[in-house]
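Novice: What follows is the file structure09.pdb, containing PDB, C-alpha atoms:
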ATOM      1  CA  MET K 266     250.925  93.632 165.871  1.00  0.00           C
ATOM      2  CA  LYS K 267     248.376  96.449 165.420  1.00  0.00           C
ATOM      3  CA  ASN K 268     247.540  95.237 161.878  1.00  0.00           C
ATOM      4  CA  ARG K 269     247.022  91.733 163.208  1.00  0.00           C
ATOM      5  CA  SER K 270     244.477  93.027 165.778  1.00  0.00           C
ATOM      6  CA  ILE K 271     242.616  94.989 163.125  1.00  0.00           C
ATOM      7  CA  PHE K 272     242.624  91.953 160.834  1.00  0.00           C
ATOM      8  CA  SER K 273     241.281  89.758 163.660  1.00  0.00           C
ATOM      9  CA  ALA K 274     238.534  92.267 164.462  1.00  0.00           C
ATOM     10  CA  VAL K 275     237.461  92.539 160.811  1.00  0.00           C
ATOM     11  CA  LEU K 276     237.496  88.755 160.424  1.00  0.00           C
ATOM     12  CA  ALA K 277     235.382  88.333 163.565  1.00  0.00           C
ATOM     13  CA  LEU K 278     232.909  90.919 162.274  1.00  0.00           C
ATOM     14  CA  LEU K 279     232.621  89.151 158.922  1.00  0.00           C
ATOM     15  CA  VAL K 280     231.983  85.821 160.647  1.00  0.00           C
ATOM     16  CA  VAL K 281     229.274  87.379 162.827  1.00  0.00           C
ATOM     17  CA  LEU K 282     227.656  89.138 159.865  1.00  0.00           C
ATOM     18  CA  GLY K 283     227.788  85.973 157.777  1.00  0.00           C
ATOM     19  CA  ALA K 284     226.176  83.907 160.519  1.00  0.00           C
ATOM     20  CA  SER K 285     223.561  86.593 161.048  1.00  0.00           C
ATOM     21  CA  ALA K 286     222.685  86.712 157.334  1.00  0.00           C
ATOM     22  CA  GLU K 287     222.318  82.932 157.296  1.00  0.00           C
ATOM     23  CA  LEU K 288     219.956  83.020 160.281  1.00  0.00           C
ATOM     24  CA  ILE K 289     217.831  85.704 158.653  1.00  0.00           C
ATOM     25  CA  ALA K 290     217.527  83.633 155.468  1.00  0.00           C
ATOM     26  CA  ASP K 291     216.474  80.534 157.424  1.00  0.00           C
ATOM     27  CA  ASP K 292     214.054  82.504 159.608  1.00  0.00           C
ATOM     28  CA  ALA K 293     212.433  84.347 156.694  1.00  0.00           C
ATOM     29  CA  ILE K 294     209.869  81.591 156.101  1.00  0.00           C
ATOM     30  CA  ASP K 295     207.044  81.459 158.615  1.00  0.00           C
ATOM     31  CA  PRO K 296     206.507  78.235 160.625  1.00  0.00           C
ATOM     32  CA  LYS K 297     203.082  77.524 159.043  1.00  0.00           C
ATOM     33  CA  THR K 298     204.542  77.628 155.534  1.00  0.00           C
ATOM     34  CA  GLU K 299     207.524  75.503 156.548  1.00  0.00           C
ATOM     35  CA  GLN K 300     205.114  72.951 158.039  1.00  0.00           C
ATOM     36  CA  LEU K 301     203.118  72.939 154.769  1.00  0.00           C
ATOM     37  CA  LEU K 302     206.334  72.262 152.823  1.00  0.00           C
ATOM     38  CA  GLU K 303     207.419  69.483 155.188  1.00  0.00           C
ATOM     39  CA  GLN K 304     204.011  67.784 154.965  1.00  0.00           C
ATOM     40  CA  ALA K 305     203.631  68.196 151.201  1.00  0.00           C
ATOM     41  CA  LEU K 306     207.208  67.399 150.176  1.00  0.00           C
ATOM     42  CA  GLY K 307     208.117  64.933 152.914  1.00  0.00           C
ATOM     43  CA  GLY K 308     210.462  65.219 155.832  1.00  0.00           C
ATOM     44  CA  GLU K 309     211.980  67.706 158.188  1.00  0.00           C
ATOM     45  CA  SER K 310     213.759  70.636 156.599  1.00  0.00           C
ATOM     46  CA  VAL K 311     217.291  71.841 157.095  1.00  0.00           C
ATOM     47  CA  SER K 312     216.348  74.927 155.104  1.00  0.00           C
ATOM     48  CA  ALA K 313     213.212  75.982 153.255  1.00  0.00           C
ATOM     49  CA  TYR K 314     212.249  78.640 150.722  1.00  0.00           C
ATOM     50  CA  TRP K 315     208.864  79.985 149.667  1.00  0.00           C
ATOM     51  CA  LEU K 316     208.822  81.868 146.355  1.00  0.00           C
ATOM     52  CA  PRO K 317     205.330  83.299 145.702  1.00  0.00           C
ATOM     53  CA  ASP K 318     204.191  85.065 142.551  1.00  0.00           C
ATOM     54  CA  SER K 319     203.633  88.295 144.491  1.00  0.00           C
ATOM     55  CA  THR K 320     205.477  89.990 147.334  1.00  0.00           C
ATOM     56  CA  THR K 321     202.073  90.963 148.738  1.00  0.00           C
ATOM     57  CA  PRO K 322     200.752  87.799 150.447  1.00  0.00           C
ATOM     58  CA  ALA K 323     197.074  88.652 149.786  1.00  0.00           C
ATOM     59  CA  ARG K 324     197.744  88.920 146.029  1.00  0.00           C
ATOM     60  CA  ALA K 325     199.773  85.713 145.673  1.00  0.00           C
ATOM     61  CA  THR K 326     197.999  82.866 143.873  1.00  0.00           C
ATOM     62  CA  GLU K 327     200.849  80.418 143.343  1.00  0.00           C
ATOM     63  CA  ALA K 328     204.316  79.664 144.656  1.00  0.00           C
ATOM     64  CA  ILE K 329     207.334  77.449 144.335  1.00  0.00           C
ATOM     65  CA  GLY K 330     208.242  75.786 147.620  1.00  0.00           C
ATOM     66  CA  VAL K 331     211.733  74.395 148.152  1.00  0.00           C
ATOM     67  CA  LEU K 332     212.751  72.099 150.976  1.00  0.00           C
ATOM     68  CA  TYR K 333     216.302  70.980 151.680  1.00  0.00           C
ATOM     69  CA  ARG K 334     216.514  67.791 153.767  1.00  0.00           C
ATOM     70  CA  ALA K 335     219.573  66.236 155.350  1.00  0.00           C
ATOM     71  CA  ILE K 336     220.802  63.031 153.709  1.00  0.00           C
ATOM     72  CA  GLU K 337     221.169  60.594 156.572  1.00  0.00           C
ATOM     73  CA  GLY K 338     224.752  59.428 156.990  1.00  0.00           C
ATOM     74  CA  ALA K 339     226.094  61.904 154.429  1.00  0.00           C
ATOM     75  CA  ALA K 340     227.743  64.468 156.743  1.00  0.00           C
ATOM     76  CA  GLY K 341     226.248  67.831 155.894  1.00  0.00           C
ATOM     77  CA  ASN K 342     224.842  66.944 152.476  1.00  0.00           C
ATOM     78  CA  VAL K 343     221.261  67.771 151.573  1.00  0.00           C
ATOM     79  CA  THR K 344     218.702  66.730 149.020  1.00  0.00           C
ATOM     80  CA  ILE K 345     216.302  69.136 147.346  1.00  0.00           C
ATOM     81  CA  GLU K 346     212.539  68.706 147.184  1.00  0.00           C
ATOM     82  CA  MET K 347     210.586  71.242 145.173  1.00  0.00           C
ATOM     83  CA  GLY K 348     206.888  71.718 144.525  1.00  0.00           C
ATOM     84  CA  HIS K 349     204.450  74.004 142.764  1.00  0.00           C
ATOM     85  CA  PHE K 350     201.655  75.254 145.013  1.00  0.00           C
ATOM     86  CA  SER K 351     198.411  77.012 144.127  1.00  0.00           C
ATOM     87  CA  ARG K 352     196.207  78.986 146.426  1.00  0.00           C
ATOM     88  CA  SER K 353     192.543  78.299 146.982  1.00  0.00           C
ATOM     89  CA  GLY K 354     190.999  80.786 149.376  1.00  0.00           C
ATOM     90  CA  ALA K 355     193.428  81.294 152.227  1.00  0.00           C
ATOM     91  CA  ASP K 356     195.241  77.968 151.827  1.00  0.00           C
ATOM     92  CA  TYR K 357     197.853  76.637 149.445  1.00  0.00           C
ATOM     93  CA  ARG K 358     197.904  73.094 148.125  1.00  0.00           C
ATOM     94  CA  LEU K 359     200.580  71.151 146.302  1.00  0.00           C
ATOM     95  CA  THR K 360     199.695  70.951 142.612  1.00  0.00           C
ATOM     96  CA  GLY K 361     202.752  68.850 141.752  1.00  0.00           C
ATOM     97  CA  ARG K 362     206.389  68.127 142.394  1.00  0.00           C
ATOM     98  CA  VAL K 363     208.992  69.971 140.360  1.00  0.00           C
ATOM     99  CA  ARG K 364     211.698  67.711 138.937  1.00  0.00           C
ATOM    100  CA  GLU K 365     215.190  68.231 137.516  1.00  0.00           C
ATOM    101  CA  VAL K 366     216.010  71.549 139.207  1.00  0.00           C
ATOM    102  CA  TYR K 367     219.164  71.650 141.311  1.00  0.00           C
ATOM    103  CA  GLY K 368     221.189  74.074 143.377  1.00  0.00           C
ATOM    104  CA  MET K 369     220.951  76.127 146.537  1.00  0.00           C
ATOM    105  CA  GLU K 370     219.467  79.486 147.458  1.00  0.00           C
ATOM    106  CA  PRO K 371     216.612  79.660 144.932  1.00  0.00           C
ATOM    107  CA  ARG K 372     215.742  83.225 143.965  1.00  0.00           C
ATOM    108  CA  ASP K 373     214.629  85.586 141.189  1.00  0.00           C
ATOM    109  CA  VAL K 374     211.501  83.600 140.432  1.00  0.00           C
ATOM    110  CA  GLY K 375     209.378  84.593 137.461  1.00  0.00           C
ATOM    111  CA  PHE K 376     205.900  83.215 136.791  1.00  0.00           C
ATOM    112  CA  LEU K 377     205.214  83.301 133.055  1.00  0.00           C
ATOM    113  CA  PRO K 378     202.188  81.915 131.164  1.00  0.00           C
ATOM    114  CA  ASP K 379     203.937  78.747 129.900  1.00  0.00           C
ATOM    115  CA  ARG K 380     206.753  78.342 132.435  1.00  0.00           C
ATOM    116  CA  ILE K 381     208.234  79.344 135.750  1.00  0.00           C
ATOM    117  CA  GLU K 382     211.852  80.499 135.890  1.00  0.00           C
ATOM    118  CA  LEU K 383     214.218  80.750 138.835  1.00  0.00           C
ATOM    119  CA  THR K 384     217.915  81.001 139.638  1.00  0.00           C
ATOM    120  CA  THR K 385     219.949  78.819 141.991  1.00  0.00           C
ATOM    121  CA  THR K 386     223.528  78.843 143.212  1.00  0.00           C
ATOM    122  CA  MET K 387     225.561  76.090 141.539  1.00  0.00           C
ATOM    123  CA  PRO K 388     229.220  75.086 141.584  1.00  0.00           C
ATOM    124  CA  LYS K 389     231.517  76.376 138.866  1.00  0.00           C
ATOM    125  CA  PRO K 390     234.240  74.042 137.575  1.00  0.00           C
ATOM    126  CA  GLY K 391     236.960  73.909 140.215  1.00  0.00           C
ATOM    127  CA  ASP K 392     234.779  75.141 143.074  1.00  0.00           C
ATOM    128  CA  PRO K 393     235.142  73.182 146.303  1.00  0.00           C
ATOM    129  CA  ARG K 394     231.981  71.204 147.023  1.00  0.00           C
ATOM    130  CA  CYS K 395     231.321  73.308 150.110  1.00  0.00           C
ATOM    131  CA  CYS K 396     231.421  76.659 148.425  1.00  0.00           C
ATOM    132  CA  PRO K 397     229.711  77.040 145.041  1.00  0.00           C
ATOM    133  CA  THR K 398     230.203  80.410 143.357  1.00  0.00           C
ATOM    134  CA  GLY K 399     228.221  79.988 140.139  1.00  0.00           C
ATOM    135  CA  SER K 400     224.568  80.287 139.309  1.00  0.00           C
ATOM    136  CA  ALA K 401     222.117  78.620 136.967  1.00  0.00           C
ATOM    137  CA  ARG K 402     218.814  79.815 135.536  1.00  0.00           C
ATOM    138  CA  TRP K 403     216.105  77.163 135.305  1.00  0.00           C
ATOM    139  CA  SER K 404     212.891  76.978 133.310  1.00  0.00           C
ATOM    140  CA  ILE K 405     210.069  74.816 134.687  1.00  0.00           C
ATOM    141  CA  ASP K 406     207.438  73.724 132.189  1.00  0.00           C
ATOM    142  CA  ARG K 407     203.982  74.356 133.660  1.00  0.00           C
ATOM    143  CA  ALA K 408     202.413  71.261 132.094  1.00  0.00           C
ATOM    144  CA  SER K 409     205.014  68.695 133.190  1.00  0.00           C
ATOM    145  CA  LEU K 410     206.736  70.602 136.051  1.00  0.00           C
ATOM    146  CA  GLU K 411     209.988  69.382 134.519  1.00  0.00           C
ATOM    147  CA  GLY K 412     212.938  71.715 134.927  1.00  0.00           C
ATOM    148  CA  LYS K 413     215.513  72.503 132.276  1.00  0.00           C
ATOM    149  CA  ARG K 414     218.718  74.455 132.751  1.00  0.00           C
ATOM    150  CA  LEU K 415     218.829  77.505 130.521  1.00  0.00           C
ATOM    151  CA  PRO K 416     221.998  78.401 128.600  1.00  0.00           C
TER     152      PRO K 416
END
Just give me the structure of the file as structure tokens.
Specialist:
Amino acid sequence: MKNRSIFSAVLALLVVLGASAELIADDAIDPKTEQLLEQALGGESVSAYWLPDSTTPARATEAIGVLYRAIEGAAGNVTIEMGHFSRSGADYRLTGRVREVYGMEPRDVGFLPDRIELTTTMPKPGDPRCCPTGSARWSIDRASLEGKRLP
């Protein structure tokens, strides 16, 4: 009985910590940037990510913006909208839509002279649809903004 109580307490703590981490990730983007993404990429976001080329906002000159939107009538499924943004003065503007990049939780972005690279969470073979455990690295060509999965 004692082990069961400890197990229940640990499980409850993990659920609370997991929910808390999810809220932090969703709240990490400021409302002005989320509004920019919604206007530029179309629609209300379920989740949004802003991946600038510098962690210091004043030094950033470009960014990848990612917007996940609910698919109406598809019970919890989302679609991904992604764009490349450049900064002019204090404001960013959409320079183009990124195509052929998939996955959740974009991260580890790298801005290189000829391409932009980033990583997303993707399902591995056999993963349940709800819970992907794999990852994919993507390369986005700067000229076409076309993504390609790297080996």
Novice: What is the distance between atom CA of Ser310 of chain K and atom CA of Arg334 of chain K, in Å to one decimal?
Specialist: 4.9 Å
Novice: Residues picked by the PyMOL selection byres ((chain K and resi 348) around 8) here, as an mmCIF file with C-alpha atoms, in the frame of the given file?
Specialist:
data_model
loop_
_atom_site.group_PDB
_atom_site.id
_atom_site.type_symbol
_atom_site.label_atom_id
_atom_site.label_comp_id
_atom_site.auth_asym_id
_atom_site.auth_seq_id
_atom_site.Cartn_x
_atom_site.Cartn_y
_atom_site.Cartn_z
ATOM 1 C CA LEU K 306 207.208 67.399 150.176
ATOM 2 C CA ILE K 329 207.334 77.449 144.335
ATOM 3 C CA GLY K 330 208.242 75.786 147.620
ATOM 4 C CA VAL K 331 211.733 74.395 148.152
ATOM 5 C CA GLU K 346 212.539 68.706 147.184
ATOM 6 C CA MET K 347 210.586 71.242 145.173
ATOM 7 C CA HIS K 349 204.450 74.004 142.764
ATOM 8 C CA PHE K 350 201.655 75.254 145.013
ATOM 9 C CA LEU K 359 200.580 71.151 146.302
ATOM 10 C CA THR K 360 199.695 70.951 142.612
ATOM 11 C CA GLY K 361 202.752 68.850 141.752
ATOM 12 C CA ARG K 362 206.389 68.127 142.394
ATOM 13 C CA VAL K 363 208.992 69.971 140.360
#
Novice: If you apply the PyMOL selection byres ((chain K and resi 365) around 12) to this file, what residues do you get, as a list in words?
Specialist: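 When the PyMOL selection byres ((chain K and resi 365) around 12) is applied to the shown file, the picked residues are Ile345, Glu346, Met347, Gly348, Arg362, Val363, Arg364, Val366, Tyr367, Gly368, Trp403, Ser404, Ile405, Asp406, Ser409, Leu410, Glu411, Gly412, Lys413 and Arg414 of chain K.
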Novice: To one decimal in Å, tell me the separation between atom CA of Ala328 of chain K and atom CA of Gly341 of chain K.
Specialist: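 Interatomic distance here is 27.3 Å.
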Novice: Could you tell me how far atom CA of Leu332 of chain K lies from atom CA of Gln304 of chain K, in Å and to one decimal?
Specialist: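 Taking atom CA of Leu332 of chain K and atom CA of Gln304 of chain K, their separation equals 10.5 Å.
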Novice: Quick check on the file I pasted: which residues fall under the PyMOL selection byres ((chain K and resi 351) around 6)? Write them as a list in words.
Specialist: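 With the PyMOL selection byres ((chain K and resi 351) around 6) on this model, the match is Thr326, Glu327, Phe350, Arg352, Tyr357 and Arg358 of chain K.
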Novice: Can I get the selected residues back with C-alpha atoms, as a tab-separated table (two decimals), keeping the file's coordinate frame?
Specialist:
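To be explicit, this is the file written out as out04.tsv:
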chain	number	residue	atom	x	y	z
K	326	THR	CA	198.00	82.87	143.87
K	327	GLU	CA	200.85	80.42	143.34
K	350	PHE	CA	201.66	75.25	145.01
K	352	ARG	CA	196.21	78.99	146.43
K	357	TYR	CA	197.85	76.64	149.44
K	358	ARG	CA	197.90	73.09	148.12
Novice: List as a ChimeraX atom specification the protein and nucleic acid residues near segment 389-397 of chain K, meaning an atom at most 12 Å away when all atoms listed in the file are counted, but skip any in the same chain fewer than 5 places from it.
Specialist: /K:340-343,368-370
Novice: Which one of K:Gly354, K:Gly338, K:Pro317, K:Gly308 sits closest to Leu383 of chain K if you count only C-alpha atoms?
Specialist: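 Nearest candidate to Leu383 of chain K out of K:Gly354, K:Gly338, K:Pro317, K:Gly308: K:Pro317.
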Novice: Pro296 of chain K: which residues within 12 Å, counting all atoms listed in the file, same-chain residues fewer than 3 positions away excluded, as a ChimeraX atom specification?
Specialist: /K:291-293,299-303,310,312-315
Novice: Check the smallest atom-to-atom distance from each of K:Pro388, K:Ala325, K:Gly307, K:Lys297 to Phe376 of chain K using only C-alpha atoms, then report the winner.
Specialist: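 Answer, going by the shortest atom-to-atom distance: K:Ala325.
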Novice: Identify which of the residues K:Thr398, K:Ser353, K:Thr298, K:Ser319 lies closest to Val374 of chain K, counting only C-alpha atoms when measuring atom-to-atom distances.
Specialist: K:Ser319
Novice: Taking only C-alpha atoms into account, which of K:Ala355, K:Arg372, K:Ala339, K:Ala305 comes nearest Arg324 of chain K?
Specialist: K:Ala355
Novice: As a ChimeraX atom specification, please: the residues near Ala401 of chain K (cut-off 7 Å, all atoms listed in the file, same-chain neighbours under 5 positions excluded).
Specialist: /K:384-387,414
Novice: Which residue out of K:Val311, K:Leu316, K:Ala335, K:Ala323 has the minimum interatomic distance to Gly375 of chain K when all atoms listed in the file are used?
Specialist: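 The closest residue to Gly375 of chain K is K:Leu316.
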